[in-house]
Amino acid sequence: METGWILPDLSSEVTRGFWDGCAAGELRIQTCGSCGAMRMPPRPMCPACRSVARDWKTVSGEGRIWSFVVAHPPLLPAYAEIAPYPVVTVALAEDPTIRIVGGLVGGPNLTADGVDPATIEIGDPVRVVFAQIEDVTVPRWTGPKWA
Amino acid sequence: MTRSIRDQTAIVGIGQTPLVSKGGLPEDELTLACLAISAAIDDAGVSPAEVDGLALFDMEAKREVEVARNLGLGDITFFAEVGYGGGAACGTVGHAAMAVAAGQCDVAVAWRARKRADKRTRVWSQSPKRLDDPDQWTRPAGLLRPVDEIAMLTRRYMHEYGVTREQLANVPLAFRRHANRNPKAAMYGRELDLETYLSARWISEPLCLYDNCLESDGALAVVVTSAERARDLPRKPVYVHAYAQGLPRQHQTMSSFFCEDPLRGPSHAAARRLWANSDFAPKDISCAQIYDAFSPLIPLSLEGYGFCERGEGAAFTEDGGLEWDRGRLPVNTSGGSLSEAYVHGFNHVLEAVRQLRGESTCQVPNASSCLVTSGECVPTSALVLRS
Ligand SMILES: [Zn+2]
């Protein structure tokens, strides 16, 4: 069903490992098949060693809020429906220079409504959760503050 | 033999249409482009047939062929397009100057025409529903608009350096004060105070309404020729002293929170080359026209271009630090993107020329050099102009 959300095209061989991971309930970060360096966002070549060999590493899904916003209208209708909503950039526990962006959710149903924006602070611990939109599974984040 | 283009070329003509944010203009982009270029050619005192170089944004709705046919230009021997929207304005002027200096053309025109006053024209609202580009790492998460991406960076900047909203407010308040002296500015006659800023509606926290530029309809153009030819033309030449582009290592456009050092933006890359090719250092600059699609880009750019250390950009704005009559560095003296109009920062080039001709409505006494910058957080460009 068309939701009005903007979603990834899942057909790219370079990026789909990330989205496949989400669908399997895992946060997978692209790594270099040659030197092992992690990189985000995914891309064809490793900037450290110029290898095009690529792999995916499943990480813990733990991290800390690096920064956040609270989005207010004007927004596209599907987004305006849940506004104002928080979005966080999370620095991963395994390597804080690898960062992932996602909605911050809480409460029993893990929704944006379950988060009081006034309680969000940079440095707060969070863990990944997953939500399905149409045929795509996207990462979101929650933490003990918003249980 | 020098490898730089220092003072080999000059801006000898400027032209523009009205710049209108509310209600827009009836003309289409091509008409607006032709009107602005026509005015710039007349201001320069050259004939259309002499124009043999064109430099434009790759986002221009109508390109070289249409513009040349409408204006009756002669044989064109140089044409170049610069990418990345807000990062391109200084780039088009720089490309024009390089082409003239290298002997690829004699009289070059650079311009920008834009129709964005109508809210339905917002690029973010027309995003494809499925993305195969880097936006797929932000849009599905809810970072839909440029303001959301800049807000993410701003929150981190405020956290790392203890920056307050009152300090951010110094930027739109200073530029509004300048716009109130510029009858051609969209916000002419509309004052703004701190209380209004602090109580304004949020767009993307920590950024509010007044941290956002004024999407507008309008076009602006400049004419560039050799320094030698410039001396025979009617207007006081404004020399292209130094020029640089900047695309820093491991850059991620508009989403620098994916970079290793997110607060070191493209300005840092451009600045290194710019000042290396300039006789002036930041401390010698009379005034600056700095790209301001969003207010936090001002402190970030002040740091990037070396007017202060990293983390000191917000403090630099205090006590009227950006204001035309009392500032450490008068910035955006026509009102900038926040209060004159947002035309991808091309109005900043024209205001620099007016300052160096002594014709600004916020004239800095004896202004002899001006820094102009294009977008921060995108591959960018910058100019040092001098009288
Ligand atoms: Zn590698």
# chains A, B, ... in the order shown; residues from 1 in each chain; ligands from 1
>>> interface_residues(of="chain B", to="chain A", cutoff="8 Å", atoms="only C-alpha atoms", output="JSON, numbers by chain")
{"B": [125, 127, 128, 129, 130, 131, 132, 134, 136, 137, 138, 139, 140, 141, 142, 143, 144, 148, 151, 152, 153, 155, 156, 159, 202, 203, 204, 205, 206, 257, 258, 259, 260]}
>>> residues_around(residues="Tyr305 in chain B", least_positions_apart="2", cutoff="10 Å", atoms="only C-alpha atoms", output="VMD selection string")
chain B and resid 266 to 272 274 to 275 281 to 282 300 to 303 307 to 309 371 373 382
>>> write_last_selection(atoms="all heavy atoms", output="compact mmCIF listing (two decimals), in the first residue's frame")
# COMPACT_ATOMS: atom_id res chain seq x y z
N PRO B 266 32.79 22.33 3.71
CA PRO B 266 33.47 22.69 2.47
C PRO B 266 34.20 24.04 2.52
O PRO B 266 35.17 24.24 1.80
CB PRO B 266 32.32 22.72 1.46
CG PRO B 266 31.35 21.72 2.00
CD PRO B 266 31.41 21.89 3.49
N SER B 267 33.74 24.96 3.38
CA SER B 267 34.42 26.26 3.46
C SER B 267 35.89 26.08 3.82
O SER B 267 36.75 26.82 3.33
CB SER B 267 33.73 27.15 4.50
OG SER B 267 33.70 26.51 5.76
N HIS B 268 36.18 25.10 4.66
CA HIS B 268 37.58 24.88 5.06
C HIS B 268 38.44 24.49 3.85
O HIS B 268 39.59 24.93 3.74
CB HIS B 268 37.67 23.79 6.14
CG HIS B 268 37.09 24.21 7.46
ND1 HIS B 268 37.87 24.62 8.51
CD2 HIS B 268 35.82 24.28 7.89
CE1 HIS B 268 37.10 24.92 9.55
NE2 HIS B 268 35.85 24.72 9.19
N ALA B 269 37.87 23.67 2.97
CA ALA B 269 38.62 23.25 1.78
C ALA B 269 38.81 24.42 0.82
O ALA B 269 39.90 24.63 0.29
CB ALA B 269 37.88 22.11 1.08
N ALA B 270 37.76 25.21 0.60
CA ALA B 270 37.86 26.36 -0.31
C ALA B 270 38.82 27.41 0.24
O ALA B 270 39.60 28.02 -0.50
CB ALA B 270 36.48 26.97 -0.54
N ALA B 271 38.76 27.62 1.56
CA ALA B 271 39.53 28.71 2.18
C ALA B 271 41.03 28.54 1.98
O ALA B 271 41.75 29.51 1.73
CB ALA B 271 39.21 28.78 3.67
N ARG B 272 41.48 27.31 2.06
CA ARG B 272 42.93 27.06 1.96
C ARG B 272 43.48 27.58 0.63
O ARG B 272 44.45 28.31 0.57
CB ARG B 272 43.17 25.55 2.08
CG ARG B 272 44.57 25.16 2.43
CD ARG B 272 44.60 23.72 2.92
NE ARG B 272 44.13 22.79 1.90
CZ ARG B 272 44.93 22.16 1.03
NH1 ARG B 272 46.22 22.37 1.04
NH2 ARG B 272 44.43 21.32 0.14
N LEU B 274 41.84 29.63 -1.50
CA LEU B 274 41.45 31.03 -1.69
C LEU B 274 42.49 31.98 -1.09
O LEU B 274 42.98 32.88 -1.75
CB LEU B 274 40.08 31.28 -1.05
CG LEU B 274 39.46 32.64 -1.32
CD1 LEU B 274 38.95 32.73 -2.75
CD2 LEU B 274 38.32 32.92 -0.34
N TRP B 275 42.82 31.77 0.17
CA TRP B 275 43.76 32.68 0.84
C TRP B 275 45.18 32.49 0.31
O TRP B 275 45.96 33.44 0.27
CB TRP B 275 43.70 32.51 2.36
CG TRP B 275 42.35 32.82 2.94
CD1 TRP B 275 41.59 31.99 3.71
CD2 TRP B 275 41.59 34.04 2.80
NE1 TRP B 275 40.40 32.60 4.06
CE2 TRP B 275 40.38 33.86 3.52
CE3 TRP B 275 41.80 35.25 2.14
CZ2 TRP B 275 39.39 34.85 3.59
CZ3 TRP B 275 40.81 36.24 2.21
CH2 TRP B 275 39.63 36.03 2.92
N ALA B 281 44.49 38.71 3.75
CA ALA B 281 44.17 37.67 4.74
C ALA B 281 42.80 38.04 5.31
O ALA B 281 42.30 39.16 5.09
CB ALA B 281 45.22 37.66 5.84
N PRO B 282 42.16 37.12 6.03
CA PRO B 282 40.84 37.45 6.59
C PRO B 282 40.82 38.79 7.33
O PRO B 282 39.85 39.55 7.21
CB PRO B 282 40.56 36.27 7.53
CG PRO B 282 41.27 35.11 6.90
CD PRO B 282 42.52 35.71 6.28
N LEU B 300 29.47 28.86 10.98
CA LEU B 300 30.28 27.78 10.42
C LEU B 300 31.21 28.31 9.33
O LEU B 300 32.39 27.93 9.25
CB LEU B 300 29.39 26.67 9.85
CG LEU B 300 28.68 25.79 10.89
CD1 LEU B 300 27.62 24.92 10.22
CD2 LEU B 300 29.68 24.91 11.63
N SER B 301 30.70 29.22 8.48
CA SER B 301 31.53 29.77 7.41
C SER B 301 32.58 30.73 7.95
O SER B 301 33.70 30.79 7.43
CB SER B 301 30.65 30.48 6.37
OG SER B 301 29.74 29.57 5.79
N LEU B 302 32.23 31.52 8.96
CA LEU B 302 33.22 32.42 9.56
C LEU B 302 34.42 31.62 10.07
O LEU B 302 35.57 32.04 9.92
CB LEU B 302 32.60 33.21 10.72
CG LEU B 302 31.60 34.30 10.33
CD1 LEU B 302 30.82 34.78 11.57
CD2 LEU B 302 32.31 35.48 9.65
N GLU B 303 34.14 30.46 10.63
CA GLU B 303 35.21 29.58 11.10
C GLU B 303 35.98 29.00 9.91
O GLU B 303 37.21 29.00 9.88
CB GLU B 303 34.63 28.45 11.95
CG GLU B 303 34.01 28.95 13.24
CD GLU B 303 33.26 27.86 14.02
OE1 GLU B 303 33.48 26.66 13.75
OE2 GLU B 303 32.45 28.23 14.89
N PHE B 307 38.01 33.61 9.91
CA PHE B 307 37.80 34.87 10.64
C PHE B 307 37.88 34.66 12.14
O PHE B 307 37.99 35.61 12.91
CB PHE B 307 36.47 35.50 10.24
CG PHE B 307 36.48 36.01 8.83
CD1 PHE B 307 36.01 35.23 7.79
CD2 PHE B 307 37.02 37.25 8.52
CE1 PHE B 307 36.05 35.67 6.48
CE2 PHE B 307 37.07 37.71 7.21
CZ PHE B 307 36.58 36.92 6.18
N CYS B 308 37.76 33.40 12.55
CA CYS B 308 37.91 33.03 13.96
C CYS B 308 38.27 31.55 13.99
O CYS B 308 38.26 30.88 12.97
CB CYS B 308 36.63 33.32 14.74
SG CYS B 308 35.17 32.51 14.06
N GLU B 309 38.55 31.06 15.18
CA GLU B 309 38.88 29.64 15.34
C GLU B 309 37.59 28.81 15.32
O GLU B 309 36.49 29.34 15.49
CB GLU B 309 39.60 29.42 16.68
CG GLU B 309 40.95 30.10 16.78
CD GLU B 309 41.95 29.58 15.77
OE1 GLU B 309 42.01 28.35 15.57
OE2 GLU B 309 42.65 30.41 15.14
N LEU B 371 34.90 39.44 0.68
CA LEU B 371 34.80 37.99 0.50
C LEU B 371 33.36 37.66 0.11
O LEU B 371 32.42 38.20 0.70
CB LEU B 371 35.14 37.26 1.80
CG LEU B 371 34.85 35.75 1.81
CD1 LEU B 371 35.88 34.99 0.99
CD2 LEU B 371 34.82 35.21 3.25
N THR B 373 30.97 34.16 -0.50
CA THR B 373 30.99 32.69 -0.40
C THR B 373 29.68 32.11 -0.90
O THR B 373 28.64 32.74 -0.86
CB THR B 373 31.23 32.20 1.04
OG1 THR B 373 30.01 32.29 1.79
CG2 THR B 373 32.32 32.99 1.74
N ALA B 382 34.12 30.25 -3.61
CA ALA B 382 34.27 31.55 -2.94
C ALA B 382 35.14 32.47 -3.78
O ALA B 382 35.95 32.02 -4.58
CB ALA B 382 34.89 31.36 -1.56
>>> select_by_dssp(residues="range 80-174 of chain B", states="strand (DSSP E or B)", output="PyMOL selection string")
chain B and resi 80-82+107-115+130-131
>>> closest_atom_pairs(of="chain A", to="ligand 1", cutoff="8 Å", atoms="only C-alpha atoms and all ligand atoms", output="tab-separated table")
residue	atom	partner	partner_atom_place_in_ligand_line	distance
A:Thr31	CA	ligand 1	1 (Zn)	7.8
A:Cys32	CA	ligand 1	1 (Zn)	4.6
A:Gly33	CA	ligand 1	1 (Zn)	6.8
A:Ser34	CA	ligand 1	1 (Zn)	5.2
A:Cys35	CA	ligand 1	1 (Zn)	4.0
A:Gly36	CA	ligand 1	1 (Zn)	5.9
A:Ala37	CA	ligand 1	1 (Zn)	5.6
A:Met45	CA	ligand 1	1 (Zn)	7.8
A:Cys46	CA	ligand 1	1 (Zn)	4.6
A:Pro47	CA	ligand 1	1 (Zn)	6.6
A:Ala48	CA	ligand 1	1 (Zn)	4.9
A:Cys49	CA	ligand 1	1 (Zn)	4.1
A:Arg50	CA	ligand 1	1 (Zn)	6.0
A:Ser51	CA	ligand 1	1 (Zn)	5.5
>>> write_last_selection(atoms="N, CA, C and O atoms", output="JSON list (two decimals), in the first residue's frame")
[["chain", "number", "residue", "atom", "x", "y", "z"],
["A", 31, "THR", "N", 31.27, -3.28, 4.96],
["A", 31, "THR", "CA", 32.71, -3.30, 5.26],
["A", 31, "THR", "C", 33.48, -3.60, 3.98],
["A", 31, "THR", "O", 32.92, -4.12, 3.01],
["A", 32, "CYS", "N", 34.75, -3.25, 4.01],
["A", 32, "CYS", "CA", 35.62, -3.55, 2.88],
["A", 32, "CYS", "C", 35.99, -5.02, 2.92],
["A", 32, "CYS", "O", 36.43, -5.54, 3.95],
["A", 33, "GLY", "N", 35.82, -5.70, 1.78],
["A", 33, "GLY", "CA", 36.16, -7.12, 1.70],
["A", 33, "GLY", "C", 37.65, -7.36, 1.71],
["A", 33, "GLY", "O", 38.10, -8.50, 1.85],
["A", 34, "SER", "N", 38.43, -6.30, 1.59],
["A", 34, "SER", "CA", 39.87, -6.45, 1.55],
["A", 34, "SER", "C", 40.53, -6.04, 2.87],
["A", 34, "SER", "O", 41.22, -6.82, 3.50],
["A", 35, "CYS", "N", 40.27, -4.78, 3.32],
["A", 35, "CYS", "CA", 40.94, -4.30, 4.54],
["A", 35, "CYS", "C", 40.03, -4.32, 5.76],
["A", 35, "CYS", "O", 40.49, -4.09, 6.87],
["A", 36, "GLY", "N", 38.73, -4.56, 5.55],
["A", 36, "GLY", "CA", 37.82, -4.71, 6.68],
["A", 36, "GLY", "C", 37.24, -3.43, 7.24],
["A", 36, "GLY", "O", 36.43, -3.47, 8.16],
["A", 37, "ALA", "N", 37.64, -2.27, 6.68],
["A", 37, "ALA", "CA", 37.14, -1.00, 7.21],
["A", 37, "ALA", "C", 35.62, -0.88, 7.02],
["A", 37, "ALA", "O", 35.10, -1.23, 5.96],
["A", 45, "MET", "N", 33.37, 1.46, -3.66],
["A", 45, "MET", "CA", 34.81, 1.28, -3.46],
["A", 45, "MET", "C", 35.25, 1.72, -2.07],
["A", 45, "MET", "O", 34.73, 2.70, -1.54],
["A", 46, "CYS", "N", 36.20, 1.04, -1.52],
["A", 46, "CYS", "CA", 36.75, 1.39, -0.20],
["A", 46, "CYS", "C", 37.71, 2.57, -0.35],
["A", 46, "CYS", "O", 38.73, 2.44, -1.05],
["A", 47, "PRO", "N", 37.45, 3.71, 0.31],
["A", 47, "PRO", "CA", 38.34, 4.86, 0.15],
["A", 47, "PRO", "C", 39.70, 4.65, 0.84],
["A", 47, "PRO", "O", 40.64, 5.40, 0.57],
["A", 48, "ALA", "N", 39.81, 3.63, 1.69],
["A", 48, "ALA", "CA", 41.09, 3.37, 2.35],
["A", 48, "ALA", "C", 42.04, 2.57, 1.47],
["A", 48, "ALA", "O", 43.24, 2.84, 1.44],
["A", 49, "CYS", "N", 41.51, 1.57, 0.74],
["A", 49, "CYS", "CA", 42.41, 0.70, -0.02],
["A", 49, "CYS", "C", 41.99, 0.52, -1.48],
["A", 49, "CYS", "O", 42.65, -0.19, -2.23],
["A", 50, "ARG", "N", 40.87, 1.13, -1.89],
["A", 50, "ARG", "CA", 40.37, 1.09, -3.26],
["A", 50, "ARG", "C", 39.96, -0.30, -3.73],
["A", 50, "ARG", "O", 39.92, -0.58, -4.92],
["A", 51, "SER", "N", 39.63, -1.13, -2.80],
["A", 51, "SER", "CA", 39.09, -2.44, -3.17],
["A", 51, "SER", "C", 37.60, -2.30, -3.45],
["A", 51, "SER", "O", 36.90, -1.50, -2.81]]
>>> residues_around(residues="range 23-30 of chain A", least_positions_apart="4", cutoff="6 Å", atoms="only C-alpha atoms", output="list in words")
Phe18, Met38, Arg39, Pro42, Asp55, Trp56, Lys57, Thr58, Val59, Gly61 and Thr137 of chain A
>>> closest_residue(among="B:Gly311, B:Gly304, B:Gly218, B:Pro234", to="Leu30 in chain B", atoms="only C-alpha atoms")
B:Gly218
>>> closest_residue(among="A:Pro108, A:Asp95, A:Ile82, A:Arg64", to="Arg127 in chain A", atoms="only C-alpha atoms")
A:Arg64
>>> residues_around(residues="Phe57 in chain B", least_positions_apart="6", cutoff="8 Å", atoms="only C-alpha atoms", output="PyMOL selection string")
chain B and resi 81-83+85+88-89+92+111-112
>>> residues_around(residues="range 167-171 of chain B", least_positions_apart="5", cutoff="10 Å", atoms="only C-alpha atoms", output="ChimeraX atom specification")
/B:154,158,176,193-195,197-198,206-208,210-211,292,294-299,313-323,331-332,338
>>> write_last_selection(atoms="N, CA, C and O atoms", output="tab-separated table (two decimals), in the first residue's frame")
chain	number	residue	atom	x	y	z
B	154	THR	N	23.36	21.66	13.36
B	154	THR	CA	23.32	22.81	14.26
B	154	THR	C	23.22	22.36	15.72
B	154	THR	O	23.91	22.90	16.59
B	158	MET	N	25.85	23.41	18.54
B	158	MET	CA	25.47	24.09	19.78
B	158	MET	C	25.96	23.30	20.99
B	158	MET	O	26.44	23.88	21.97
B	176	ARG	N	18.37	41.41	8.93
B	176	ARG	CA	17.10	42.14	8.81
B	176	ARG	C	17.34	43.65	8.94
B	176	ARG	O	16.73	44.45	8.24
B	193	ASP	N	12.79	41.61	16.02
B	193	ASP	CA	13.53	41.71	17.28
B	193	ASP	C	13.73	40.32	17.90
B	193	ASP	O	13.15	39.34	17.44
B	194	LEU	N	14.55	40.29	18.95
B	194	LEU	CA	14.93	39.01	19.57
B	194	LEU	C	13.72	38.26	20.10
B	194	LEU	O	13.61	37.04	19.94
B	195	GLU	N	12.78	39.01	20.72
B	195	GLU	CA	11.60	38.37	21.29
B	195	GLU	C	10.79	37.66	20.21
B	195	GLU	O	10.33	36.53	20.40
B	197	TYR	N	11.93	36.55	17.37
B	197	TYR	CA	12.72	35.39	16.95
B	197	TYR	C	12.50	34.22	17.90
B	197	TYR	O	12.20	33.10	17.49
B	198	LEU	N	12.64	34.49	19.20
B	198	LEU	CA	12.59	33.40	20.19
B	198	LEU	C	11.20	32.77	20.31
B	198	LEU	O	11.08	31.62	20.71
B	206	PRO	N	16.67	22.57	16.36
B	206	PRO	CA	16.65	23.88	17.00
B	206	PRO	C	16.51	25.09	16.06
B	206	PRO	O	16.83	26.20	16.47
B	207	LEU	N	16.01	24.92	14.84
B	207	LEU	CA	15.88	26.05	13.92
B	207	LEU	C	14.42	26.49	13.80
B	207	LEU	O	13.53	25.65	13.64
B	208	CYS	N	14.20	27.80	13.84
B	208	CYS	CA	12.85	28.35	13.77
B	208	CYS	C	12.66	29.07	12.43
B	208	CYS	O	13.56	29.12	11.59
B	210	TYR	N	12.71	32.07	11.41
B	210	TYR	CA	13.63	33.14	10.99
B	210	TYR	C	15.05	32.65	10.70
B	210	TYR	O	15.89	33.44	10.26
B	211	ASP	N	15.30	31.37	10.93
B	211	ASP	CA	16.60	30.79	10.55
B	211	ASP	C	16.60	30.34	9.10
B	211	ASP	O	17.63	29.85	8.61
B	292	ASP	N	23.84	32.23	3.24
B	292	ASP	CA	23.05	32.13	4.46
B	292	ASP	C	21.67	31.55	4.19
B	292	ASP	O	20.66	32.12	4.61
B	294	PHE	N	20.56	29.21	5.77
B	294	PHE	CA	20.13	29.00	7.15
B	294	PHE	C	21.11	29.74	8.05
B	294	PHE	O	22.32	29.74	7.79
B	295	SER	N	20.62	30.33	9.15
B	295	SER	CA	21.51	31.17	9.97
B	295	SER	C	22.78	30.49	10.48
B	295	SER	O	23.81	31.13	10.51
B	296	PRO	N	22.73	29.20	10.90
B	296	PRO	CA	23.99	28.63	11.43
B	296	PRO	C	25.11	28.51	10.41
B	296	PRO	O	26.27	28.33	10.79
B	297	LEU	N	24.79	28.64	9.12
B	297	LEU	CA	25.85	28.58	8.12
B	297	LEU	C	26.80	29.78	8.26
B	297	LEU	O	27.94	29.72	7.80
B	298	ILE	N	26.34	30.84	8.88
B	298	ILE	CA	27.21	32.01	9.06
B	298	ILE	C	28.33	31.72	10.05
B	298	ILE	O	29.51	31.84	9.69
B	299	PRO	N	28.04	31.31	11.30
B	299	PRO	CA	29.18	30.98	12.18
B	299	PRO	C	30.06	29.88	11.61
B	299	PRO	O	31.30	29.95	11.74
B	313	GLY	N	32.64	30.91	16.06
B	313	GLY	CA	31.81	31.62	15.11
B	313	GLY	C	30.58	32.28	15.72
B	313	GLY	O	30.19	33.38	15.33
B	314	ALA	N	29.98	31.61	16.69
B	314	ALA	CA	28.77	32.18	17.31
B	314	ALA	C	29.12	33.40	18.15
B	314	ALA	O	28.42	34.41	18.12
B	315	ALA	N	30.23	33.32	18.89
B	315	ALA	CA	30.66	34.46	19.70
B	315	ALA	C	31.03	35.65	18.80
B	315	ALA	O	30.82	36.82	19.18
B	316	PHE	N	31.52	35.36	17.60
B	316	PHE	CA	31.91	36.41	16.64
B	316	PHE	C	30.71	37.30	16.30
B	316	PHE	O	30.86	38.47	15.98
B	317	THR	N	29.48	36.72	16.36
B	317	THR	CA	28.29	37.48	15.96
B	317	THR	C	27.80	38.43	17.06
B	317	THR	O	26.88	39.22	16.83
B	318	GLU	N	28.38	38.33	18.26
B	318	GLU	CA	27.85	39.10	19.38
B	318	GLU	C	28.21	40.58	19.29
B	318	GLU	O	29.13	40.97	18.59
B	319	ASP	N	27.45	41.39	20.04
B	319	ASP	CA	27.67	42.85	20.10
B	319	ASP	C	27.69	43.47	18.70
B	319	ASP	O	28.54	44.31	18.40
B	320	GLY	N	26.76	43.04	17.85
B	320	GLY	CA	26.68	43.63	16.52
B	320	GLY	C	27.83	43.24	15.61
B	320	GLY	O	28.14	43.95	14.65
B	321	GLY	N	28.45	42.10	15.88
B	321	GLY	CA	29.66	41.69	15.17
B	321	GLY	C	29.52	41.59	13.65
B	321	GLY	O	30.52	41.68	12.94
B	322	LEU	N	28.27	41.39	13.16
B	322	LEU	CA	28.06	41.26	11.71
B	322	LEU	C	27.49	42.53	11.09
B	322	LEU	O	27.25	42.57	9.88
B	323	GLU	N	27.24	43.56	11.91
B	323	GLU	CA	26.46	44.69	11.41
B	323	GLU	C	27.31	45.70	10.65
B	323	GLU	O	28.49	45.89	10.94
B	331	VAL	N	28.60	41.79	7.44
B	331	VAL	CA	28.25	40.61	6.65
B	331	VAL	C	26.84	40.78	6.06
B	331	VAL	O	25.93	41.23	6.75
B	332	ASN	N	26.68	40.42	4.80
B	332	ASN	CA	25.39	40.42	4.10
B	332	ASN	C	24.67	41.76	4.24
B	332	ASN	O	23.57	41.87	4.79
B	338	LEU	N	18.46	35.59	3.99
B	338	LEU	CA	17.46	35.56	5.06
B	338	LEU	C	16.51	36.74	4.97
B	338	LEU	O	15.37	36.64	5.42
>>> residues_around(residues="Leu356 in chain B", least_positions_apart="3", cutoff="6 Å", atoms="only C-alpha atoms", output="PyMOL selection string")
chain B and resi 353+367-368+387
